[in-house]
file coords_28.cif (mmCIF, C-alpha atoms)
data_structure
#
loop_
_atom_site.group_PDB
_atom_site.id
_atom_site.type_symbol
_atom_site.label_atom_id
_atom_site.label_comp_id
_atom_site.auth_asym_id
_atom_site.auth_seq_id
_atom_site.Cartn_x
_atom_site.Cartn_y
_atom_site.Cartn_z
ATOM 1 C CA MET A 267 10.612 -48.731 0.161
ATOM 2 C CA VAL A 268 12.449 -45.441 -0.392
ATOM 3 C CA ASN A 269 16.047 -45.077 0.800
ATOM 4 C CA ARG A 270 15.272 -42.791 3.729
ATOM 5 C CA LEU A 271 11.753 -42.406 5.074
ATOM 6 C CA ARG A 272 10.187 -39.100 6.048
ATOM 7 C CA ILE A 273 7.344 -39.637 8.503
ATOM 8 C CA GLY A 274 5.396 -36.651 9.794
ATOM 9 C CA VAL A 275 3.215 -36.220 12.880
ATOM 10 C CA VAL A 276 0.737 -33.340 12.703
ATOM 11 C CA GLY A 277 2.254 -31.265 15.482
ATOM 12 C CA PHE A 278 -0.416 -29.026 16.898
ATOM 13 C CA GLN A 279 -2.082 -30.925 19.724
ATOM 14 C CA GLY A 280 -2.076 -34.363 21.336
ATOM 15 C CA ALA A 281 0.696 -36.846 22.067
ATOM 16 C CA VAL A 282 2.951 -35.562 19.292
ATOM 17 C CA SER A 283 6.281 -36.221 21.010
ATOM 18 C CA GLU A 284 5.121 -39.707 22.078
ATOM 19 C CA HIS A 285 4.252 -40.634 18.488
ATOM 20 C CA ILE A 286 7.583 -39.259 17.287
ATOM 21 C CA TYR A 287 9.431 -41.278 19.945
ATOM 22 C CA SER A 288 7.504 -44.488 19.152
ATOM 23 C CA MET A 289 8.026 -44.143 15.410
ATOM 24 C CA ARG A 290 11.730 -43.326 15.769
ATOM 25 C CA LYS A 291 12.192 -46.371 17.992
ATOM 26 C CA THR A 292 10.293 -48.483 15.462
ATOM 27 C CA LEU A 293 12.614 -47.362 12.653
ATOM 28 C CA LYS A 294 15.636 -48.101 14.837
ATOM 29 C CA ASP A 295 14.350 -51.551 15.834
ATOM 30 C CA GLU A 296 13.628 -52.428 12.209
ATOM 31 C CA LYS A 297 16.974 -50.953 11.074
ATOM 32 C CA ILE A 298 15.274 -48.672 8.552
ATOM 33 C CA PRO A 299 16.821 -45.237 7.918
ATOM 34 C CA GLY A 300 14.464 -42.322 8.265
ATOM 35 C CA GLU A 301 13.370 -39.246 10.135
ATOM 36 C CA VAL A 302 10.229 -38.558 12.148
ATOM 37 C CA PHE A 303 9.212 -34.969 12.782
ATOM 38 C CA ALA A 304 6.344 -32.640 13.699
ATOM 39 C CA VAL A 305 4.330 -31.182 10.813
ATOM 40 C CA LYS A 306 3.266 -27.606 11.561
ATOM 41 C CA GLN A 307 3.223 -25.952 8.160
ATOM 42 C CA ILE A 308 2.826 -26.858 4.501
ATOM 43 C CA ARG A 309 6.553 -27.014 3.743
ATOM 44 C CA ASP A 310 6.934 -29.794 6.348
ATOM 45 C CA LEU A 311 4.933 -32.069 4.030
ATOM 46 C CA GLU A 312 7.534 -31.915 1.267
ATOM 47 C CA ASN A 313 8.634 -35.399 0.123
ATOM 48 C CA ILE A 314 6.740 -37.007 2.991
ATOM 49 C CA ASN A 315 6.210 -40.791 2.943
ATOM 50 C CA ALA A 316 3.636 -41.194 5.731
ATOM 51 C CA LEU A 317 1.617 -39.066 8.129
ATOM 52 C CA ILE A 318 0.226 -39.539 11.642
ATOM 53 C CA LEU A 319 -2.757 -37.588 13.003
ATOM 54 C CA PRO A 320 -2.474 -37.704 16.802
ATOM 55 C CA GLY A 321 -5.155 -37.406 19.457
ATOM 56 C CA GLY A 322 -6.345 -34.215 21.083
ATOM 57 C CA GLU A 323 -9.590 -32.367 20.504
ATOM 58 C CA SER A 324 -11.066 -32.934 17.041
ATOM 59 C CA THR A 325 -12.654 -29.469 16.788
ATOM 60 C CA THR A 326 -9.382 -27.730 17.678
ATOM 61 C CA ILE A 327 -7.253 -29.847 15.338
ATOM 62 C CA SER A 328 -9.750 -29.379 12.495
ATOM 63 C CA LYS A 329 -9.598 -25.588 12.918
ATOM 64 C CA PHE A 330 -5.793 -25.684 12.923
ATOM 65 C CA LEU A 331 -5.674 -27.778 9.736
ATOM 66 C CA HIS A 332 -7.918 -25.317 7.924
ATOM 67 C CA ARG A 333 -6.281 -22.167 9.276
ATOM 68 C CA SER A 334 -2.808 -23.380 8.311
ATOM 69 C CA GLU A 335 -4.058 -24.695 4.939
ATOM 70 C CA LEU A 336 -2.658 -28.113 5.864
ATOM 71 C CA TYR A 337 -6.128 -29.575 5.245
ATOM 72 C CA LYS A 338 -5.959 -28.896 1.495
ATOM 73 C CA GLU A 339 -2.350 -29.987 1.213
ATOM 74 C CA ILE A 340 -2.871 -33.248 3.124
ATOM 75 C CA SER A 341 -5.978 -34.027 1.045
ATOM 76 C CA SER A 342 -4.037 -33.433 -2.153
ATOM 77 C CA ILE A 343 -0.990 -35.502 -1.157
ATOM 78 C CA VAL A 344 -2.998 -38.469 0.102
ATOM 79 C CA LYS A 345 -5.193 -38.535 -3.005
ATOM 80 C CA LYS A 346 -2.346 -38.074 -5.500
ATOM 81 C CA GLU A 347 0.490 -39.974 -3.861
ATOM 82 C CA LYS A 348 -1.524 -42.459 -1.750
ATOM 83 C CA ILE A 349 0.718 -41.996 1.277
ATOM 84 C CA PRO A 350 -0.160 -44.072 4.369
ATOM 85 C CA MET A 351 -1.848 -42.355 7.309
ATOM 86 C CA MET A 352 -2.618 -43.316 10.884
ATOM 87 C CA GLY A 353 -5.142 -41.413 12.995
ATOM 88 C CA THR A 354 -5.438 -42.012 16.738
ATOM 89 C CA CYS A 355 -8.390 -40.853 18.886
ATOM 90 C CA ALA A 356 -9.233 -37.394 17.468
ATOM 91 C CA GLY A 357 -7.174 -38.366 14.428
ATOM 92 C CA CYS A 358 -9.553 -41.290 13.922
ATOM 93 C CA VAL A 359 -12.494 -38.854 13.887
ATOM 94 C CA LEU A 360 -10.799 -36.633 11.299
ATOM 95 C CA LEU A 361 -10.279 -39.552 8.896
ATOM 96 C CA ALA A 362 -13.987 -40.470 8.811
ATOM 97 C CA LYS A 363 -16.463 -39.675 6.049
ATOM 98 C CA GLU A 364 -19.265 -39.314 8.596
ATOM 99 C CA ILE A 365 -19.625 -38.222 12.236
ATOM 100 C CA SER A 366 -22.770 -39.229 14.114
ATOM 101 C CA ASP A 367 -22.641 -36.156 16.366
ATOM 102 C CA PRO A 368 -21.390 -33.558 13.872
ATOM 103 C CA ALA A 369 -20.158 -30.184 15.023
ATOM 104 C CA GLU A 370 -20.019 -27.375 12.494
ATOM 105 C CA GLU A 371 -16.403 -26.689 13.432
ATOM 106 C CA VAL A 372 -15.247 -30.241 12.617
ATOM 107 C CA LYS A 373 -14.464 -30.735 8.946
ATOM 108 C CA THR A 374 -13.065 -34.204 8.418
ATOM 109 C CA LEU A 375 -10.650 -35.349 5.715
ATOM 110 C CA LYS A 376 -13.140 -38.037 4.576
ATOM 111 C CA PHE A 377 -10.490 -40.616 3.694
ATOM 112 C CA MET A 378 -12.224 -43.634 5.245
ATOM 113 C CA ASP A 379 -15.619 -45.208 4.596
ATOM 114 C CA MET A 380 -16.741 -45.128 8.205
ATOM 115 C CA LYS A 381 -19.023 -43.339 10.642
ATOM 116 C CA VAL A 382 -17.541 -42.253 13.976
ATOM 117 C CA LYS A 383 -19.071 -41.170 17.260
ATOM 118 C CA ARG A 384 -16.969 -38.857 19.432
ATOM 119 C CA ASN A 385 -16.463 -39.425 23.206
ATOM 120 C CA ALA A 386 -18.471 -42.609 22.783
ATOM 121 C CA PHE A 387 -17.752 -44.356 26.075
ATOM 122 C CA GLY A 388 -19.321 -41.627 28.233
ATOM 123 C CA ARG A 389 -17.860 -39.413 30.933
ATOM 124 C CA GLN A 390 -17.761 -42.169 33.533
ATOM 125 C CA ARG A 391 -15.209 -43.924 31.320
ATOM 126 C CA GLU A 392 -13.236 -40.954 30.024
ATOM 127 C CA SER A 393 -9.947 -42.775 30.569
ATOM 128 C CA PHE A 394 -9.408 -46.512 30.859
ATOM 129 C CA GLU A 395 -7.135 -49.304 29.675
ATOM 130 C CA LYS A 396 -8.163 -52.625 28.207
ATOM 131 C CA ASP A 397 -6.649 -55.551 26.338
ATOM 132 C CA ILE A 398 -8.019 -55.818 22.806
ATOM 133 C CA TYR A 399 -7.541 -58.354 20.044
ATOM 134 C CA ILE A 400 -6.352 -57.026 16.690
ATOM 135 C CA THR A 401 -6.615 -59.015 13.451
ATOM 136 C CA ASP A 402 -3.290 -60.729 12.611
ATOM 137 C CA PHE A 403 -1.781 -59.906 16.035
ATOM 138 C CA THR A 404 -0.906 -63.100 17.898
ATOM 139 C CA LYS A 405 -1.217 -61.535 21.367
ATOM 140 C CA PRO A 406 -3.666 -58.956 22.781
ATOM 141 C CA PHE A 407 -2.720 -55.279 22.710
ATOM 142 C CA HIS A 408 -3.028 -53.269 25.934
ATOM 143 C CA ALA A 409 -4.892 -50.199 24.684
ATOM 144 C CA VAL A 410 -5.190 -46.797 26.392
ATOM 145 C CA PHE A 411 -8.515 -45.024 25.798
ATOM 146 C CA ILE A 412 -8.928 -41.301 26.623
ATOM 147 C CA ARG A 413 -12.333 -39.737 25.847
ATOM 148 C CA ALA A 414 -12.297 -42.173 22.972
ATOM 149 C CA PRO A 415 -14.467 -42.228 19.874
ATOM 150 C CA VAL A 416 -15.871 -45.444 18.434
ATOM 151 C CA ILE A 417 -16.335 -46.415 14.825
ATOM 152 C CA GLU A 418 -20.074 -47.029 14.563
ATOM 153 C CA LYS A 419 -20.017 -48.608 11.127
ATOM 154 C CA THR A 420 -17.784 -49.220 8.122
ATOM 155 C CA TRP A 421 -18.593 -49.832 4.471
ATOM 156 C CA ASP A 422 -16.968 -50.501 1.098
ATOM 157 C CA GLY A 423 -13.180 -50.587 1.462
ATOM 158 C CA CYS A 424 -13.013 -49.898 5.207
ATOM 159 C CA LYS A 425 -12.637 -52.998 7.395
ATOM 160 C CA PRO A 426 -12.841 -53.358 11.206
ATOM 161 C CA ILE A 427 -9.715 -54.982 12.650
ATOM 162 C CA ALA A 428 -10.314 -54.586 16.408
ATOM 163 C CA LYS A 429 -13.344 -54.383 18.687
ATOM 164 C CA LEU A 430 -14.035 -53.685 22.357
ATOM 165 C CA ASP A 431 -17.386 -54.701 23.861
ATOM 166 C CA ASN A 432 -18.577 -55.306 20.299
ATOM 167 C CA LYS A 433 -17.689 -51.729 19.309
ATOM 168 C CA ILE A 434 -15.179 -51.098 16.518
ATOM 169 C CA VAL A 435 -12.047 -49.410 17.887
ATOM 170 C CA MET A 436 -9.654 -49.929 14.959
ATOM 171 C CA ALA A 437 -10.227 -50.006 11.214
ATOM 172 C CA GLN A 438 -8.153 -50.119 8.050
ATOM 173 C CA GLN A 439 -8.805 -48.929 4.515
ATOM 174 C CA GLY A 440 -5.923 -49.707 2.201
ATOM 175 C CA ASN A 441 -2.870 -48.085 3.778
ATOM 176 C CA ILE A 442 -4.836 -45.879 6.189
ATOM 177 C CA LEU A 443 -5.393 -46.847 9.842
ATOM 178 C CA ALA A 444 -7.908 -45.391 12.305
ATOM 179 C CA LEU A 445 -7.661 -46.122 16.034
ATOM 180 C CA SER A 446 -9.933 -45.073 18.902
ATOM 181 C CA PHE A 447 -7.052 -45.507 21.347
ATOM 182 C CA HIS A 448 -3.490 -44.280 21.912
ATOM 183 C CA PRO A 449 -0.783 -46.822 20.950
ATOM 184 C CA GLU A 450 1.875 -44.155 21.502
ATOM 185 C CA LEU A 451 1.135 -44.159 25.257
ATOM 186 C CA THR A 452 2.376 -47.735 25.661
ATOM 187 C CA GLU A 453 5.762 -49.410 25.248
ATOM 188 C CA ASP A 454 4.229 -51.857 22.762
ATOM 189 C CA LEU A 455 5.389 -50.855 19.277
ATOM 190 C CA ARG A 456 3.449 -53.468 17.307
ATOM 191 C CA ILE A 457 0.945 -50.982 15.865
ATOM 192 C CA HIS A 458 3.687 -48.564 14.808
ATOM 193 C CA LYS A 459 5.515 -51.525 13.232
ATOM 194 C CA TYR A 460 2.309 -52.549 11.466
ATOM 195 C CA PHE A 461 1.986 -48.991 10.166
ATOM 196 C CA LEU A 462 5.604 -49.009 9.002
ATOM 197 C CA LYS A 463 4.880 -52.065 6.839
ATOM 198 C CA LEU A 464 2.232 -50.040 4.992
ATOM 199 C CA ILE A 465 4.896 -47.571 3.831
ATOM 200 C CA LYS A 466 6.383 -48.583 0.496
#
call {"tool": "encode", "arguments": {"input": "coords_28.cif", "output": "structure tokens"}}
result
Amino acid sequence: MVNRLRIGVVGFQGAVSEHIYSMRKTLKDEKIPGEVFAVKQIRDLENINALILPGGESTTISKFLHRSELYKEISSIVKKEKIPMMGTCAGCVLLAKEISDPAEEVKTLKFMDMKVKRNAFGRQRESFEKDIYITDFTKPFHAVFIRAPVIEKTWDGCKPIAKLDNKIVMAQQGNILALSFHPELTEDLRIHKYFLKLIK
């Protein structure tokens, strides 16, 4: 692991400050020096060690990434330097190679071998909380779902690591995590700590 970590959170929409808080607390708890900050322009990605794509609205975030040219820069850094990423809710959608309900405005980063369906639980369940079981976690995780996507299928290097009602809600491919839910909206830091372990 590098001497001082630089962890960015794409800072346009979603629970940006909550992710920053959770990741800063994780670093403090683990006694690892580092900084966590919002990424709003290309220069913010300089010497970055990991990146979080927060929730929000996938169409809006996709447009922002392209308009700011962050899309190209993130694609380049992840492919060349293999930095870890975590995408939550809309961030999960943007990591997928396929979307089952594609919108022309949504251009994903295509980092993970998975197919995602947006707003998959229906309007009657736009927001809900549920305990889920995550591979290698000894206790259930109380997950917050807000207009959540689901991962309809995975292939090749992408592996499901959590399900709800037999639907995939968390997957991992190498050092990249995709979550349908919002771990940053709970006090439970286990997912952020799991992500931290992926950073070398």
call {"tool": "atom_distance", "arguments": {"input": "coords_28.cif", "atom1": "atom CA of Ser446 of chain A", "atom2": "atom CA of Glu301 of chain A"}}
result
25.6 Å
call {"tool": "atom_distance", "arguments": {"input": "coords_28.cif", "atom1": "atom CA of Leu375 of chain A", "atom2": "atom CA of Lys363 of chain A"}}
result
7.3 Å
call {"tool": "closest_atom_pairs", "arguments": {"input": "coords_28.cif", "of": "segment 405-436 of chain A", "to": "segment 440-444 of chain A", "cutoff": "9 Å", "atoms": "only C-alpha atoms", "output": "Markdown table"}}
result
| residue | atom | partner | partner_atom | distance |
| --- | --- | --- | --- | --- |
| A:Ile417 | CA | A:Ala444 | CA | 8.9 |
| A:Gly423 | CA | A:Gly440 | CA | 7.3 |
| A:Cys424 | CA | A:Gly440 | CA | 7.7 |
| A:Val435 | CA | A:Ala444 | CA | 8.0 |
| A:Met436 | CA | A:Ala444 | CA | 5.5 |
call {"tool": "residues_around", "arguments": {"input": "coords_28.cif", "residues": "segment 307-314 of chain A", "least_positions_apart": "2", "cutoff": "7 Å", "atoms": "only C-alpha atoms", "output": "MDAnalysis selection string"}}
result
chainID A and resid 272:274 305 316 334 336 339
call {"tool": "closest_atom_pairs", "arguments": {"input": "coords_28.cif", "of": "segment 364-432 of chain A", "to": "segment 340-354 of chain A", "cutoff": "10 Å", "atoms": "only C-alpha atoms", "output": "tab-separated table"}}
result
residue	atom	partner	partner_atom	distance
A:Leu375	CA	A:Ser341	CA	6.7
A:Lys376	CA	A:Ser341	CA	8.9
A:Phe377	CA	A:Ser341	CA	8.4
A:Ala414	CA	A:Thr354	CA	9.3
A:Pro415	CA	A:Thr354	CA	9.6
call {"tool": "closest_residue", "arguments": {"input": "coords_28.cif", "among": "A:Asn269, A:Asn315, A:Thr374, A:Ser288", "to": "Thr452 of chain A", "atoms": "all atoms listed in the file"}}
result
A:Ser288
call {"tool": "resolve_selection", "arguments": {"input": "coords_28.cif", "expression": "the PyMOL selection byres ((chain A and resi 328) around 9)", "output": "count of residues only"}}
result
16
call {"tool": "resolve_selection", "arguments": {"input": "coords_28.cif", "expression": "the PyMOL selection byres ((chain A and resi 411) around 10)", "output": "list in words"}}
result
Cys355, Phe387, Arg391, Glu392, Ser393, Phe394, Glu395, Lys396, His408, Ala409, Val410, Ile412, Arg413, Ala414, Pro415, Val435, Leu445, Ser446, Phe447, His448, Pro449 and Leu451 of chain A
call {"tool": "atom_distance", "arguments": {"input": "coords_28.cif", "atom1": "atom CA of Ile318 of chain A", "atom2": "atom CA of Val275 of chain A"}}
result
4.6 Å
call {"tool": "closest_residue", "arguments": {"input": "coords_28.cif", "among": "A:Met380, A:Leu455, A:Asp431, A:Phe403", "to": "Arg290 of chain A", "atoms": "only C-alpha atoms"}}
result
A:Leu455
call {"tool": "resolve_selection", "arguments": {"input": "coords_28.cif", "expression": "the PyMOL selection byres ((chain A and resi 419) around 10)", "output": "PDB file with C-alpha atoms, in the frame of the given file"}}
result
ATOM      1  CA  GLU A 364     -19.265 -39.314   8.596  1.00  0.00           C
ATOM      2  CA  ASP A 379     -15.619 -45.208   4.596  1.00  0.00           C
ATOM      3  CA  MET A 380     -16.741 -45.128   8.205  1.00  0.00           C
ATOM      4  CA  LYS A 381     -19.023 -43.339  10.642  1.00  0.00           C
ATOM      5  CA  VAL A 382     -17.541 -42.253  13.976  1.00  0.00           C
ATOM      6  CA  LYS A 383     -19.071 -41.170  17.260  1.00  0.00           C
ATOM      7  CA  VAL A 416     -15.871 -45.444  18.434  1.00  0.00           C
ATOM      8  CA  ILE A 417     -16.335 -46.415  14.825  1.00  0.00           C
ATOM      9  CA  GLU A 418     -20.074 -47.029  14.563  1.00  0.00           C
ATOM     10  CA  THR A 420     -17.784 -49.220   8.122  1.00  0.00           C
ATOM     11  CA  TRP A 421     -18.593 -49.832   4.471  1.00  0.00           C
ATOM     12  CA  CYS A 424     -13.013 -49.898   5.207  1.00  0.00           C
ATOM     13  CA  LYS A 425     -12.637 -52.998   7.395  1.00  0.00           C
ATOM     14  CA  PRO A 426     -12.841 -53.358  11.206  1.00  0.00           C
ATOM     15  CA  LYS A 433     -17.689 -51.729  19.309  1.00  0.00           C
ATOM     16  CA  ILE A 434     -15.179 -51.098  16.518  1.00  0.00           C
ATOM     17  CA  ALA A 437     -10.227 -50.006  11.214  1.00  0.00           C
TER      18      ALA A 437
END
call {"tool": "residues_near_point", "arguments": {"input": "coords_28.cif", "point": "(10.7, -49.6, 10.5)", "cutoff": "12 Å", "atoms": "all atoms listed in the file", "output": "MDAnalysis selection string"}}
result
chainID A and resid 267:273 288:302 316 455:466
call {"tool": "closest_residue", "arguments": {"input": "coords_28.cif", "among": "A:Ile400, A:Val282, A:Ala386, A:Leu317", "to": "Ser366 of chain A", "atoms": "only C-alpha atoms"}}
result
A:Ala386
call {"tool": "closest_residue", "arguments": {"input": "coords_28.cif", "among": "A:Asp402, A:Asp367, A:Glu335, A:Glu284", "to": "Ala304 of chain A", "atoms": "all atoms listed in the file"}}
result
A:Glu284
call {"tool": "axis_aligned_box", "arguments": {"input": "coords_28.cif", "around": "segment 457-461 of chain A", "padding_each_side": "5 Å", "output": "lines of an AutoDock Vina configuration file"}}
result
center_x = 3.2
center_y = -50.6
center_z = 13.0
size_x = 14.6
size_y = 14.0
size_z = 15.7
call {"tool": "closest_residue", "arguments": {"input": "coords_28.cif", "among": "A:Cys358, A:Leu319, A:Lys429, A:Arg384", "to": "Asp397 of chain A", "atoms": "all atoms listed in the file"}}
result
A:Lys429
call {"tool": "closest_residue", "arguments": {"input": "coords_28.cif", "among": "A:Asn432, A:Gly321, A:His285, A:Ile427", "to": "Glu453 of chain A", "atoms": "only C-alpha atoms"}}
result
A:His285
call {"tool": "decode", "arguments": {"input": "coords_28.cif", "residues": "segment 285-380 of chain A", "atoms": "C-alpha atoms", "output": "mmCIF file, in the first residue's frame"}}
result
data_model
loop_
_atom_site.group_PDB
_atom_site.id
_atom_site.type_symbol
_atom_site.label_atom_id
_atom_site.label_comp_id
_atom_site.auth_asym_id
_atom_site.auth_seq_id
_atom_site.Cartn_x
_atom_site.Cartn_y
_atom_site.Cartn_z
ATOM 1 C CA HIS A 285 -19.181 8.529 1.114
ATOM 2 C CA ILE A 286 -16.382 10.953 1.963
ATOM 3 C CA TYR A 287 -17.308 10.805 5.661
ATOM 4 C CA SER A 288 -17.532 6.984 5.672
ATOM 5 C CA MET A 289 -14.222 6.561 3.866
ATOM 6 C CA ARG A 290 -12.428 9.091 6.079
ATOM 7 C CA LYS A 291 -13.725 7.313 9.174
ATOM 8 C CA THR A 292 -12.610 3.986 7.706
ATOM 9 C CA LEU A 293 -9.074 5.306 7.172
ATOM 10 C CA LYS A 294 -9.035 6.670 10.721
ATOM 11 C CA ASP A 295 -10.319 3.409 12.226
ATOM 12 C CA GLU A 296 -7.730 1.398 10.306
ATOM 13 C CA LYS A 297 -4.985 3.931 11.146
ATOM 14 C CA ILE A 298 -4.104 4.405 7.477
ATOM 15 C CA PRO A 299 -2.960 7.870 6.345
ATOM 16 C CA GLY A 300 -4.836 9.304 3.412
ATOM 17 C CA GLU A 301 -7.228 11.861 2.035
ATOM 18 C CA VAL A 302 -10.735 11.475 0.643
ATOM 19 C CA PHE A 303 -12.120 14.184 -1.607
ATOM 20 C CA ALA A 304 -14.707 15.029 -4.266
ATOM 21 C CA VAL A 305 -13.650 14.567 -7.897
ATOM 22 C CA LYS A 306 -15.153 17.272 -10.111
ATOM 23 C CA GLN A 307 -12.549 17.775 -12.808
ATOM 24 C CA ILE A 308 -9.743 15.884 -14.515
ATOM 25 C CA ARG A 309 -6.954 17.318 -12.356
ATOM 26 C CA ASP A 310 -8.627 15.822 -9.255
ATOM 27 C CA LEU A 311 -7.731 12.363 -10.593
ATOM 28 C CA GLU A 312 -3.994 13.012 -10.402
ATOM 29 C CA ASN A 313 -2.156 10.300 -8.422
ATOM 30 C CA ILE A 314 -5.455 8.786 -7.315
ATOM 31 C CA ASN A 315 -5.429 5.332 -5.680
ATOM 32 C CA ALA A 316 -9.151 4.492 -5.708
ATOM 33 C CA LEU A 317 -12.432 5.949 -6.917
ATOM 34 C CA ILE A 318 -16.051 5.794 -5.741
ATOM 35 C CA LEU A 319 -19.037 6.381 -8.042
ATOM 36 C CA PRO A 320 -21.944 7.392 -5.794
ATOM 37 C CA GLY A 321 -25.675 7.058 -6.336
ATOM 38 C CA GLY A 322 -27.933 9.605 -7.967
ATOM 39 C CA GLU A 323 -29.490 9.483 -11.408
ATOM 40 C CA SER A 324 -27.494 7.419 -13.908
ATOM 41 C CA THR A 325 -28.481 9.526 -16.938
ATOM 42 C CA THR A 326 -27.440 12.767 -15.222
ATOM 43 C CA ILE A 327 -24.143 11.386 -13.914
ATOM 44 C CA SER A 328 -23.322 9.872 -17.316
ATOM 45 C CA LYS A 329 -23.872 13.249 -19.008
ATOM 46 C CA PHE A 330 -21.662 14.966 -16.429
ATOM 47 C CA LEU A 331 -18.846 12.438 -16.913
ATOM 48 C CA HIS A 332 -18.870 12.989 -20.665
ATOM 49 C CA ARG A 333 -19.263 16.765 -20.542
ATOM 50 C CA SER A 334 -16.371 17.135 -18.099
ATOM 51 C CA GLU A 335 -14.259 14.570 -20.004
ATOM 52 C CA LEU A 336 -13.930 12.586 -16.770
ATOM 53 C CA TYR A 337 -15.327 9.556 -18.621
ATOM 54 C CA LYS A 338 -12.242 9.247 -20.843
ATOM 55 C CA GLU A 339 -9.834 9.958 -18.016
ATOM 56 C CA ILE A 340 -11.432 7.452 -15.622
ATOM 57 C CA SER A 341 -11.487 4.794 -18.364
ATOM 58 C CA SER A 342 -7.815 5.392 -19.074
ATOM 59 C CA ILE A 343 -6.693 5.340 -15.427
ATOM 60 C CA VAL A 344 -8.648 2.213 -14.521
ATOM 61 C CA LYS A 345 -7.396 0.324 -17.577
ATOM 62 C CA LYS A 346 -3.758 1.417 -17.245
ATOM 63 C CA GLU A 347 -3.294 1.574 -13.490
ATOM 64 C CA LYS A 348 -5.980 -0.931 -12.395
ATOM 65 C CA ILE A 349 -7.170 1.296 -9.560
ATOM 66 C CA PRO A 350 -10.024 -0.077 -7.414
ATOM 67 C CA MET A 351 -13.521 1.329 -7.900
ATOM 68 C CA MET A 352 -16.791 1.072 -6.019
ATOM 69 C CA GLY A 353 -20.115 2.027 -7.596
ATOM 70 C CA THR A 354 -23.275 2.343 -5.505
ATOM 71 C CA CYS A 355 -26.820 2.477 -6.952
ATOM 72 C CA ALA A 356 -26.430 4.633 -10.096
ATOM 73 C CA GLY A 357 -22.693 4.005 -9.811
ATOM 74 C CA CYS A 358 -23.435 0.286 -10.102
ATOM 75 C CA VAL A 359 -25.303 0.943 -13.367
ATOM 76 C CA LEU A 360 -22.395 2.953 -14.785
ATOM 77 C CA LEU A 361 -19.917 0.119 -14.151
ATOM 78 C CA ALA A 362 -21.927 -2.428 -16.170
ATOM 79 C CA LYS A 363 -21.186 -3.635 -19.689
ATOM 80 C CA GLU A 364 -24.905 -4.000 -20.401
ATOM 81 C CA ILE A 365 -28.150 -2.315 -19.306
ATOM 82 C CA SER A 366 -31.419 -4.167 -19.869
ATOM 83 C CA ASP A 367 -33.409 -0.937 -20.233
ATOM 84 C CA PRO A 368 -30.865 1.205 -22.096
ATOM 85 C CA ALA A 369 -31.346 4.928 -22.467
ATOM 86 C CA GLU A 370 -29.434 6.713 -25.198
ATOM 87 C CA GLU A 371 -28.151 9.240 -22.670
ATOM 88 C CA VAL A 372 -26.542 6.581 -20.443
ATOM 89 C CA LYS A 373 -23.073 5.591 -21.591
ATOM 90 C CA THR A 374 -21.563 3.191 -19.097
ATOM 91 C CA LEU A 375 -17.881 2.673 -18.306
ATOM 92 C CA LYS A 376 -18.192 -1.063 -19.128
ATOM 93 C CA PHE A 377 -15.738 -2.213 -16.462
ATOM 94 C CA MET A 378 -17.767 -5.178 -15.193
ATOM 95 C CA ASP A 379 -19.086 -8.276 -16.951
ATOM 96 C CA MET A 380 -22.670 -7.812 -15.840
#
